[in-house]
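Listing of run36.txt; format and content: compact mmCIF, C-alpha atoms and all ligand atoms.
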```
# COMPACT_ATOMS: atom_id res chain seq x y z
CA ALA R 295 21.97 -3.75 -0.95
CA ASN R 296 24.92 -1.65 -1.96
CA ALA R 297 28.41 -2.01 -0.51
CA ALA R 298 28.81 0.31 2.47
CA ASP R 299 31.49 2.51 0.90
CA GLN R 300 30.35 2.48 -2.75
CA VAL R 301 29.64 6.04 -3.92
CA THR R 302 27.20 6.70 -6.76
CA VAL R 303 26.26 10.02 -8.28
CA ILE R 304 22.96 10.36 -10.15
CA ARG R 305 22.66 13.30 -12.52
CA ALA R 306 19.00 14.29 -12.56
CA GLY R 307 17.68 16.51 -15.36
CA LYS R 308 14.55 17.12 -13.32
CA LEU R 309 14.24 16.20 -9.66
CA VAL R 310 10.82 16.07 -8.01
CA ASP R 311 11.02 17.61 -4.54
CA VAL R 312 7.94 16.05 -2.95
CA VAL R 313 8.41 17.92 0.33
CA ALA R 314 8.25 21.35 -1.32
CA GLY R 315 5.99 20.21 -4.16
CA THR R 316 8.36 21.60 -6.77
CA VAL R 317 10.64 20.38 -9.57
CA LEU R 318 14.34 21.25 -9.47
CA LYS R 319 16.48 21.27 -12.63
CA ASP R 320 19.98 19.81 -13.13
CA GLN R 321 20.55 18.28 -9.74
CA ALA R 322 23.03 15.68 -8.51
CA ILE R 323 22.25 13.05 -5.90
CA VAL R 324 25.20 11.53 -4.10
CA ILE R 325 24.66 8.08 -2.63
CA THR R 326 27.03 6.45 -0.18
CA GLY R 327 26.27 2.81 0.47
CA GLU R 328 22.52 2.48 1.01
CA ARG R 329 21.78 6.11 1.79
CA ILE R 330 21.63 9.53 0.22
CA SER R 331 24.60 11.58 1.39
CA ALA R 332 24.12 14.82 -0.58
CA VAL R 333 21.68 16.51 -2.97
CA GLY R 334 22.47 19.74 -4.79
CA PRO R 335 22.97 21.49 -8.13
CA ASN R 336 24.91 19.47 -10.68
CA ALA R 337 27.34 22.28 -11.38
CA SER R 338 28.58 22.51 -7.81
CA THR R 339 28.67 18.76 -7.08
CA LYS R 340 32.09 17.13 -7.30
CA VAL R 341 32.21 13.50 -8.32
CA PRO R 342 34.42 11.70 -5.78
CA ALA R 343 37.19 9.50 -7.17
CA GLY R 344 35.97 5.96 -7.80
CA ALA R 345 32.32 6.99 -7.86
CA GLN R 346 29.91 5.45 -10.32
CA VAL R 347 27.96 8.05 -12.33
CA ILE R 348 24.43 7.41 -13.55
CA ASP R 349 23.27 9.85 -16.17
CA LEU R 350 19.55 10.63 -15.88
CA SER R 351 20.02 14.18 -17.16
CA SER R 352 17.24 13.75 -19.73
CA GLN R 353 14.82 12.19 -17.24
CA THR R 354 12.58 13.06 -14.31
CA VAL R 355 13.87 11.60 -11.05
CA LEU R 356 11.61 10.89 -8.07
CA PRO R 357 11.71 9.12 -4.74
CA GLY R 358 10.69 5.45 -4.94
CA LEU R 359 6.93 4.99 -4.83
CA ILE R 360 5.05 3.52 -1.87
CA ASP R 361 1.85 1.47 -2.03
CA MET R 362 0.03 1.30 1.31
CA HIS R 363 -2.36 -1.50 0.39
CA THR R 364 -0.95 -4.61 -1.23
CA HIS R 365 -1.37 -8.37 -0.84
CA LEU R 366 1.83 -9.74 -2.39
CA THR R 367 0.86 -13.35 -1.70
CA SER R 368 -2.41 -13.03 -3.66
CA ASP R 369 -2.68 -14.10 -7.29
CA PRO R 370 -5.48 -12.04 -8.89
CA TYR R 371 -6.33 -14.89 -11.24
CA LEU R 372 -7.03 -17.25 -8.35
CA ALA R 373 -10.09 -15.56 -6.83
CA GLY R 374 -13.19 -16.98 -5.14
CA TYR R 375 -13.28 -20.78 -5.02
CA ASN R 376 -10.08 -20.89 -7.14
CA ALA R 377 -8.20 -19.66 -4.08
CA LEU R 378 -9.22 -22.58 -1.89
CA GLY R 379 -6.65 -24.99 -3.28
CA VAL R 380 -3.71 -22.68 -2.69
CA SER R 381 -1.51 -23.55 0.29
CA ASP R 382 0.15 -20.82 2.34
CA VAL R 383 3.56 -21.97 1.19
CA ARG R 384 2.48 -21.81 -2.46
CA ALA R 385 1.07 -18.34 -1.87
CA ALA R 386 4.32 -17.16 -0.31
CA LEU R 387 6.30 -18.48 -3.27
CA TYR R 388 3.95 -16.66 -5.62
CA GLY R 389 4.80 -13.59 -3.55
CA VAL R 390 8.45 -13.86 -4.60
CA ARG R 391 7.48 -13.01 -8.17
CA ALA R 392 4.96 -10.40 -7.06
CA ALA R 393 7.63 -8.69 -4.97
CA ARG R 394 10.02 -8.47 -7.92
CA LYS R 395 7.34 -7.14 -10.27
CA THR R 396 6.31 -4.55 -7.71
CA LEU R 397 9.86 -3.32 -7.19
CA GLU R 398 10.61 -3.25 -10.92
CA ALA R 399 7.53 -1.07 -11.37
CA GLY R 400 9.10 1.56 -9.12
CA PHE R 401 7.41 0.68 -5.84
CA THR R 402 10.35 0.48 -3.47
CA THR R 403 8.21 0.20 -0.33
CA VAL R 404 4.84 -1.47 0.28
CA ARG R 405 2.61 -2.11 3.22
CA ASP R 406 1.22 -5.61 2.92
CA VAL R 407 -2.14 -5.70 4.63
CA GLY R 408 -2.11 -9.40 5.18
CA SER R 409 -4.00 -12.52 4.26
CA SER R 410 -6.49 -14.96 5.70
CA GLY R 411 -3.88 -17.72 5.39
CA THR R 412 -2.28 -18.99 8.55
CA GLY R 413 1.34 -19.00 7.44
CA PHE R 414 2.40 -15.35 7.87
CA GLY R 415 3.56 -15.34 4.24
CA ASP R 416 3.83 -11.57 4.11
CA VAL R 417 6.05 -11.53 7.20
CA ALA R 418 8.27 -14.26 5.67
CA LEU R 419 8.53 -12.33 2.40
CA ARG R 420 9.59 -9.20 4.28
CA ASP R 421 12.27 -11.10 6.17
CA ALA R 422 13.55 -12.93 3.08
CA ILE R 423 13.83 -9.65 1.14
CA ASN R 424 15.65 -8.04 4.06
CA ASP R 425 18.01 -11.03 4.19
CA GLY R 426 18.76 -10.59 0.47
CA ASP R 427 17.30 -13.94 -0.64
CA PHE R 428 15.55 -12.25 -3.59
CA ILE R 429 14.64 -8.73 -4.61
CA GLY R 430 11.50 -6.92 -3.56
CA PRO R 431 10.30 -3.71 -1.97
CA ARG R 432 10.81 -2.77 1.66
CA MET R 433 7.80 -4.24 3.42
CA ARG R 434 5.64 -3.51 6.43
CA SER R 435 3.48 -6.58 7.00
CA ALA R 436 0.24 -7.31 8.83
CA GLY R 437 0.05 -11.10 9.18
CA HIS R 438 -3.57 -12.21 9.48
CA LEU R 439 -6.56 -10.06 8.76
CA ILE R 440 -8.41 -9.58 12.06
CA GLY R 441 -12.21 -9.56 11.98
CA MET R 442 -15.48 -10.98 13.22
CA LYS R 443 -16.74 -14.47 12.53
CA GLY R 444 -18.43 -14.61 9.14
CA GLY R 445 -17.18 -11.17 8.16
CA HIS R 446 -14.94 -9.92 5.35
CA CYS R 447 -11.76 -10.97 7.18
CA ASP R 448 -13.13 -14.50 7.69
CA ASP R 449 -13.53 -16.92 4.81
CA ASN R 450 -17.11 -17.99 4.13
CA LEU R 451 -16.67 -20.21 1.10
CA LEU R 452 -16.94 -23.61 2.80
CA PRO R 453 -20.13 -25.23 4.19
CA PRO R 454 -20.65 -25.63 7.95
CA ASP R 455 -19.51 -29.27 7.72
CA ALA R 456 -15.96 -28.05 7.19
CA ASN R 457 -16.13 -26.02 10.42
CA PHE R 458 -13.60 -23.63 8.93
CA ALA R 459 -12.67 -20.17 10.12
CA ALA R 460 -9.80 -17.90 9.13
CA ARG R 461 -7.08 -17.69 11.79
CA GLY R 462 -7.66 -13.95 12.25
CA VAL R 463 -11.24 -14.33 13.47
CA ALA R 464 -11.75 -12.80 16.92
CA ASP R 465 -15.10 -11.86 18.46
CA GLY R 466 -15.31 -9.52 21.42
CA PRO R 467 -12.85 -6.93 22.76
CA TRP R 468 -10.62 -9.33 24.69
CA ALA R 469 -10.39 -11.91 21.93
CA ALA R 470 -9.55 -9.09 19.55
CA ARG R 471 -6.86 -7.79 21.92
CA ALA R 472 -5.40 -11.29 22.14
CA LYS R 473 -5.31 -11.48 18.35
CA VAL R 474 -3.34 -8.22 18.19
CA ARG R 475 -0.87 -9.69 20.68
CA GLU R 476 -0.57 -12.84 18.56
CA MET R 477 0.14 -10.77 15.43
CA ALA R 478 2.82 -8.79 17.27
CA LYS R 479 4.32 -12.03 18.59
CA TYR R 480 4.73 -13.42 15.06
CA GLY R 481 6.21 -10.29 13.54
CA ALA R 482 3.42 -8.06 12.28
CA ASP R 483 4.46 -4.41 11.85
CA VAL R 484 0.91 -3.18 11.38
CA ILE R 485 -2.53 -4.46 12.40
CA LYS R 486 -5.21 -4.92 9.74
CA ILE R 487 -8.85 -5.19 10.79
CA CYS R 488 -12.20 -5.42 9.08
CA ALA R 489 -14.58 -2.72 10.27
CA SER R 490 -17.16 -3.43 7.55
CA GLY R 491 -18.08 -6.08 5.05
CA GLY R 492 -16.40 -6.25 1.68
CA VAL R 493 -16.77 -6.80 -2.02
CA LEU R 494 -14.68 -9.92 -2.61
CA SER R 495 -16.12 -11.94 0.26
CA LYS R 496 -19.13 -14.23 0.36
CA GLY R 497 -22.35 -13.52 2.22
CA ASP R 498 -21.61 -10.07 3.60
CA GLU R 499 -22.50 -6.52 2.60
CA ALA R 500 -19.78 -3.99 1.82
CA GLY R 501 -21.79 -1.23 3.48
CA ALA R 502 -22.61 -3.13 6.69
CA GLN R 503 -20.60 -2.53 9.85
CA GLU R 504 -18.80 -5.60 11.28
CA TYR R 505 -16.56 -4.78 14.25
CA THR R 506 -18.28 -2.71 16.95
CA LEU R 507 -16.84 0.49 18.33
CA GLU R 508 -15.95 -1.37 21.54
CA GLU R 509 -14.03 -4.07 19.68
CA MET R 510 -12.13 -1.50 17.63
CA GLN R 511 -11.26 0.54 20.72
CA ALA R 512 -9.75 -2.58 22.28
CA ILE R 513 -7.75 -3.34 19.12
CA VAL R 514 -6.44 0.19 18.69
CA GLY R 515 -5.56 0.47 22.39
CA GLU R 516 -3.61 -2.77 22.29
CA ALA R 517 -1.93 -2.11 18.93
CA HIS R 518 -0.79 1.40 19.84
CA LYS R 519 0.45 0.17 23.20
CA LEU R 520 2.61 -2.31 21.26
CA GLY R 521 3.79 0.34 18.80
CA ARG R 522 1.74 -0.86 15.84
CA LYS R 523 -0.54 1.25 13.68
CA VAL R 524 -3.99 0.02 12.70
CA ALA R 525 -5.37 -0.10 9.15
CA ALA R 526 -9.14 -0.60 9.03
CA HIS R 527 -10.86 -2.05 5.99
CA ALA R 528 -14.12 -0.06 5.86
CA HIS R 529 -16.48 0.59 2.97
CA GLY R 530 -19.61 1.48 4.98
CA ALA R 531 -20.27 4.90 6.50
CA SER R 532 -20.95 3.83 10.11
CA ALA R 533 -17.95 1.48 10.13
CA ILE R 534 -15.76 4.33 8.89
CA ARG R 535 -17.04 6.69 11.59
CA ASP R 536 -16.61 4.20 14.43
CA ALA R 537 -13.15 3.15 13.22
CA ILE R 538 -11.99 6.79 13.18
CA VAL R 539 -13.50 7.42 16.63
CA ALA R 540 -11.73 4.28 17.90
CA GLY R 541 -8.47 5.84 16.68
CA VAL R 542 -7.36 3.75 13.71
CA ASP R 543 -4.53 5.25 11.66
CA SER R 544 -6.00 4.66 8.23
CA ILE R 545 -9.30 3.80 6.62
CA GLU R 546 -8.85 1.43 3.68
CA HIS R 547 -11.30 1.72 0.73
CA ALA R 548 -13.55 4.35 2.43
CA SER R 549 -16.00 3.83 -0.44
CA LEU R 550 -19.21 5.05 1.19
CA ILE R 551 -17.75 7.69 3.51
CA ASP R 552 -20.33 10.35 4.50
CA ASP R 553 -19.95 14.00 5.51
CA GLU R 554 -19.60 13.10 9.18
CA GLY R 555 -16.87 10.59 8.33
CA ILE R 556 -15.02 13.19 6.27
CA LYS R 557 -15.29 15.66 9.16
CA LEU R 558 -14.01 13.10 11.67
CA ALA R 559 -11.09 12.08 9.43
CA LYS R 560 -10.05 15.72 9.12
CA GLU R 561 -10.32 16.34 12.87
CA ARG R 562 -8.39 13.22 13.82
CA GLY R 563 -5.83 13.35 11.01
CA THR R 564 -6.86 9.87 9.88
CA TYR R 565 -5.53 8.89 6.46
CA LEU R 566 -7.80 7.52 3.76
CA VAL R 567 -6.30 4.87 1.48
CA MET R 568 -8.71 4.60 -1.44
CA ASP R 569 -8.13 1.91 -4.09
CA ILE R 570 -9.86 3.60 -6.99
CA TYR R 571 -8.25 1.66 -9.85
CA ASP R 572 -9.08 -1.99 -9.11
CA ASP R 573 -12.76 -1.63 -10.08
CA ASP R 574 -11.57 -1.72 -13.71
CA PHE R 575 -9.85 -5.06 -13.28
CA ILE R 576 -12.63 -6.62 -11.20
CA LEU R 577 -15.31 -5.77 -13.74
CA GLN R 578 -13.20 -6.65 -16.80
CA GLU R 579 -11.36 -9.77 -15.64
CA GLY R 580 -13.11 -10.80 -12.45
CA GLU R 581 -15.43 -13.43 -13.85
CA LYS R 582 -12.52 -15.20 -15.55
CA ALA R 583 -10.49 -14.99 -12.31
CA GLY R 584 -13.22 -16.71 -10.32
CA ILE R 585 -14.72 -13.72 -8.51
CA LEU R 586 -18.20 -14.70 -7.35
CA PRO R 587 -21.23 -13.22 -9.15
CA GLU R 588 -22.39 -11.65 -5.87
CA SER R 589 -19.04 -9.87 -5.58
CA LEU R 590 -19.28 -8.53 -9.13
CA GLU R 591 -22.73 -7.27 -8.21
CA LYS R 592 -21.36 -5.54 -5.10
CA GLU R 593 -18.54 -3.98 -7.15
CA ARG R 594 -21.06 -2.49 -9.57
CA LYS R 595 -22.70 -0.80 -6.57
CA VAL R 596 -19.64 0.66 -4.82
CA GLY R 597 -17.04 1.26 -7.57
CA GLN R 598 -18.28 4.58 -8.92
CA LEU R 599 -19.44 5.84 -5.51
CA GLN R 600 -15.92 5.29 -4.20
CA ARG R 601 -14.41 7.38 -6.99
CA ASP R 602 -16.93 10.18 -6.41
CA ASN R 603 -16.24 10.08 -2.68
CA PHE R 604 -12.49 10.22 -3.34
CA ARG R 605 -13.05 13.56 -5.05
CA LYS R 606 -15.27 14.80 -2.23
CA ALA R 607 -13.01 13.70 0.64
CA PHE R 608 -9.81 14.99 -0.96
CA GLY R 609 -11.55 18.24 -1.87
CA SER R 610 -12.53 18.61 1.79
CA GLY R 611 -8.91 18.38 2.87
CA VAL R 612 -8.69 14.83 4.21
CA LYS R 613 -5.20 13.27 4.21
CA MET R 614 -4.79 10.58 1.54
CA ALA R 615 -2.10 7.95 1.07
CA PHE R 616 -1.69 5.94 -2.12
CA GLY R 617 -2.92 2.35 -1.85
CA THR R 618 -4.26 0.08 -4.54
CA ASP R 619 -5.16 -3.40 -3.22
CA ALA R 620 -2.56 -5.02 -5.49
CA GLY R 621 -3.27 -8.73 -5.62
CA VAL R 622 -6.87 -7.99 -6.57
CA TYR R 623 -5.31 -6.91 -9.90
CA PRO R 624 -1.84 -7.96 -11.23
CA HIS R 625 1.21 -6.91 -9.20
CA GLY R 626 3.28 -4.29 -10.97
CA ASP R 627 0.26 -2.45 -12.38
CA ASN R 628 0.06 -0.32 -9.20
CA ALA R 629 0.79 2.97 -10.99
CA LYS R 630 -2.33 2.61 -13.13
CA GLN R 631 -4.20 4.18 -10.21
CA PHE R 632 -2.54 7.59 -10.79
CA TYR R 633 -4.82 8.15 -13.77
CA TYR R 634 -7.90 7.95 -11.54
CA MET R 635 -6.41 10.02 -8.72
CA VAL R 636 -5.85 12.86 -11.17
CA LYS R 637 -9.21 12.33 -12.87
CA TYR R 638 -10.94 12.56 -9.48
CA GLY R 639 -9.36 15.74 -8.24
CA MET R 640 -5.65 15.57 -7.42
CA THR R 641 -2.93 17.39 -9.28
CA SER R 642 -0.17 15.09 -10.53
CA MET R 643 2.10 16.49 -7.81
CA GLN R 644 -0.48 15.74 -5.11
CA ALA R 645 -0.90 12.19 -6.38
CA ILE R 646 2.89 11.73 -6.31
CA GLN R 647 3.04 13.16 -2.78
CA SER R 648 0.37 10.70 -1.63
CA ALA R 649 2.58 7.86 -2.92
CA THR R 650 5.80 9.18 -1.40
CA ILE R 651 5.98 11.59 1.53
CA GLY R 652 2.34 11.08 2.57
CA ALA R 653 2.63 7.30 2.54
CA ALA R 654 5.93 7.50 4.44
CA ASP R 655 4.17 9.53 7.12
CA LEU R 656 1.40 6.95 7.49
CA LEU R 657 3.99 4.16 7.63
CA GLY R 658 5.83 5.93 10.43
CA TRP R 659 8.90 5.81 8.16
CA LYS R 660 9.38 9.49 7.31
CA ASP R 661 12.92 9.23 8.66
CA ARG R 662 13.94 6.67 6.04
CA VAL R 663 11.81 6.78 2.87
CA GLY R 664 9.42 9.04 0.93
CA SER R 665 11.71 11.80 -0.37
CA ILE R 666 15.16 12.31 -1.87
CA SER R 667 16.73 13.76 1.24
CA VAL R 668 20.09 13.37 2.97
CA GLY R 669 20.07 10.43 5.38
CA LYS R 670 17.20 8.55 3.76
CA TYR R 671 17.56 5.29 1.86
CA ALA R 672 18.57 5.78 -1.77
CA ASP R 673 15.23 4.53 -3.11
CA ILE R 674 15.07 6.42 -6.38
CA ILE R 675 13.19 6.04 -9.66
CA ALA R 676 13.11 7.86 -12.98
CA VAL R 677 10.78 8.25 -15.93
CA LYS R 678 11.44 9.66 -19.39
CA GLY R 679 8.27 11.77 -19.43
CA ASN R 680 7.35 14.72 -17.25
CA ALA R 681 5.75 12.92 -14.29
CA ALA R 682 5.32 16.07 -12.20
CA ASP R 683 2.82 17.36 -14.77
CA ASP R 684 1.43 13.98 -15.74
CA ALA R 685 1.51 11.29 -13.07
CA THR R 686 0.34 8.65 -15.55
CA GLU R 687 3.96 8.64 -16.81
CA LEU R 688 4.71 6.62 -13.68
CA THR R 689 3.35 3.52 -15.40
CA LYS R 690 6.54 3.66 -17.53
CA VAL R 691 9.36 3.68 -15.02
CA SER R 692 12.77 3.51 -16.74
CA PHE R 693 15.06 3.39 -13.71
CA VAL R 694 14.75 1.88 -10.23
CA MET R 695 17.26 1.99 -7.40
CA LYS R 696 16.64 0.50 -3.95
CA GLY R 697 19.05 1.21 -1.13
CA GLY R 698 21.72 2.35 -3.58
CA ALA R 699 21.52 -0.81 -5.72
CA VAL R 700 20.33 -0.45 -9.32
CA ILE R 701 17.36 -2.74 -9.93
CA ARG R 702 16.41 -1.56 -13.38
CA GLN R 703 17.93 0.76 -15.96
CA GLN R 704 16.73 1.31 -19.54
N1 LIG C 801 -10.59 -6.06 -1.00
C1 LIG C 801 -11.68 -5.16 -1.28
C2 LIG C 801 -12.99 -5.81 -0.90
O1 LIG C 801 -13.14 -6.97 -1.17
C3 LIG C 801 -11.67 -4.78 -2.72
C4 LIG C 801 -12.60 -3.70 -3.10
C5 LIG C 801 -12.39 -3.35 -4.54
N2 LIG C 801 -13.35 -2.42 -5.06
C6 LIG C 801 -13.21 -1.13 -5.02
N3 LIG C 801 -14.13 -0.40 -5.60
N4 LIG C 801 -12.20 -0.56 -4.50
O2 LIG C 801 -13.83 -5.18 -0.34
```
Take the structure in the file and write it out as structure tokens.
Amino acid sequence: ANAADQVTVIRAGKLVDVVAGTVLKDQAIVITGERISAVGPNASTKVPAGAQVIDLSSQTVLPGLIDMHTHLTSDPYLAGYNALGVSDVRAALYGVRAARKTLEAGFTTVRDVGSSGTGFGDVALRDAINDGDFIGPRMRSAGHLIGMKGGHCDDNLLPPDANFAARGVADGPWAARAKVREMAKYGADVIKICASGGVLSKGDEAGAQEYTLEEMQAIVGEAHKLGRKVAAHAHGASAIRDAIVAGVDSIEHASLIDDEGIKLAKERGTYLVMDIYDDDFILQEGEKAGILPESLEKERKVGQLQRDNFRKAFGSGVKMAFGTDAGVYPHGDNAKQFYYMVKYGMTSMQAIQSATIGAADLLGWKDRVGSISVGKYADIIAVKGNAADDATELTKVSFVMKGGAVIRQQ
């Protein structure tokens, strides 16, 4: 973090105003310590004595990006049975590198939707980054994935002899409530549940519902009571509908959402977080990474449907926040998803808004991140190209600042 009284002025040739959805020319951003203290036209902004000036007058400047669905402790090349030999401590240490790569790619905040490991690696990463032990994005962490026995949030790779279950397994409303309490006790900011089966898990169907409505109502009631939002992994249509009715804050993946699900999401203001890039990586690299043949088969069934349903749901006016499932594909490649968001119906500005102000809203952090506004953290990035007209430029971030400290400058 930046020294409390250090003043920095950024000269921005173009400044993306994600709140208004416009681009302002020749602006100056004044940063005092960690926060933005003024934003206005360059011409009328005085540079205080002793201030550091950063000249981005030939670049497009944006708020730091936010990814709502990451797994920083996951190495994409250790999938399926390859993951079994990885200890929680090893995974957390891997996360140190993943955190740096993510931040350097312009993602200054991430929500980490947890792991099936027992060690709360994502919570430890968050705390270590906050303590300044190493650099990484601001994090909101989930701890364990909560789900039914044998479901996507369990781990079904070992035979019955091993008598193994993931620590987040909880069957029945009261067990599920207790699991939420346990996550809160050990520092989770957000609760991640599995409403349906998944792609990268053994022996389940992505489209099949897992948690019942009753279980999800218990989880949401408990989580909201404790001030935590709930993110529900759900590919299947009935799981999506029941999760929304139960009151979850976001549906992750949403691959097979139907018209009723779209209608419910609109009515309830539920965000969809659709990871429509990672299909590319799974199908191209998955076999090498150790992804099971049955998972590759499942991906071939849901990948394209998810992209088509992204277009349909967004076109119907459902709220969307940017989330990619980083960890399934290499950390730092998060911005590759912008290409697909634009291809499947968003303008570049809308895609940028989903990764800034929209994501900040879903995080419950609109007071501190998501736009270049007075009082918010100075989490600021820049690109040489015109990102507001072409969001794919965000794969080539040239400047990253987090909390007033320069992380990257080219
Ligand atoms: N973690 C998710 C799952 O295993 C990944 C899904 C990736 N595929 C996709 N088309 N988004 O279910």
Checklist entry - Would you name the residues within 9 Å of ligand LIG 801 (chain C), counting all atoms listed in the file, and put them as an NGL selection string? => result :R and (446 or 490-495 or 500 or 527-529 or 546-549 or 568-574 or 576 or 589 or 592-601 or 618-619 or 622)
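Computed from the coordinates, the CA of Ala531 (chain R) to CA of Asp552 (chain R) distance equals 5.8 Å.
Shortest atom-to-atom contact with Ala489 (chain R) among R:Gly530, R:Val313, R:Glu398, R:Asn457: R:Gly530, counting all atoms listed in the file.
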Next on the checklist: Give me, as a PyMOL selection string, all polymer residues having an atom no more than 12 Å from Ala337 (chain R), counting all atoms listed in the file and skipping those fewer than 5 positions away in the same chain.
Outcome noted: chain R and resi 305-307+319-323
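Comparing the minimum interatomic distances between Leu452 (chain R) and each of R:Ile423, R:Arg434, R:Gln346, R:Tyr375, counting all atoms listed in the file, we find that R:Tyr375 sits nearest.
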Residues at most 7 Å from region 506-511 of chain R, counting only C-alpha atoms, excluding those fewer than 6 positions away in the same chain, as a PDB file with C-alpha atoms, in the frame of the given file?
```pdb
ATOM      1  CA  GLY R 466     -15.310  -9.520  21.420  1.00  0.00           C
ATOM      2  CA  PRO R 467     -12.850  -6.930  22.760  1.00  0.00           C
ATOM      3  CA  ALA R 470      -9.550  -9.090  19.550  1.00  0.00           C
ATOM      4  CA  ASP R 536     -16.610   4.200  14.430  1.00  0.00           C
ATOM      5  CA  ALA R 537     -13.150   3.150  13.220  1.00  0.00           C
ATOM      6  CA  ALA R 540     -11.730   4.280  17.900  1.00  0.00           C
TER       7      ALA R 540
END
```
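The space separating CA of Ser368 (chain R) from CA of Val663 (chain R) comes to 25.2 Å.
If you look at CA of Cys488 (chain R) and CA of Lys395 (chain R), they are 27.6 Å away from each other.
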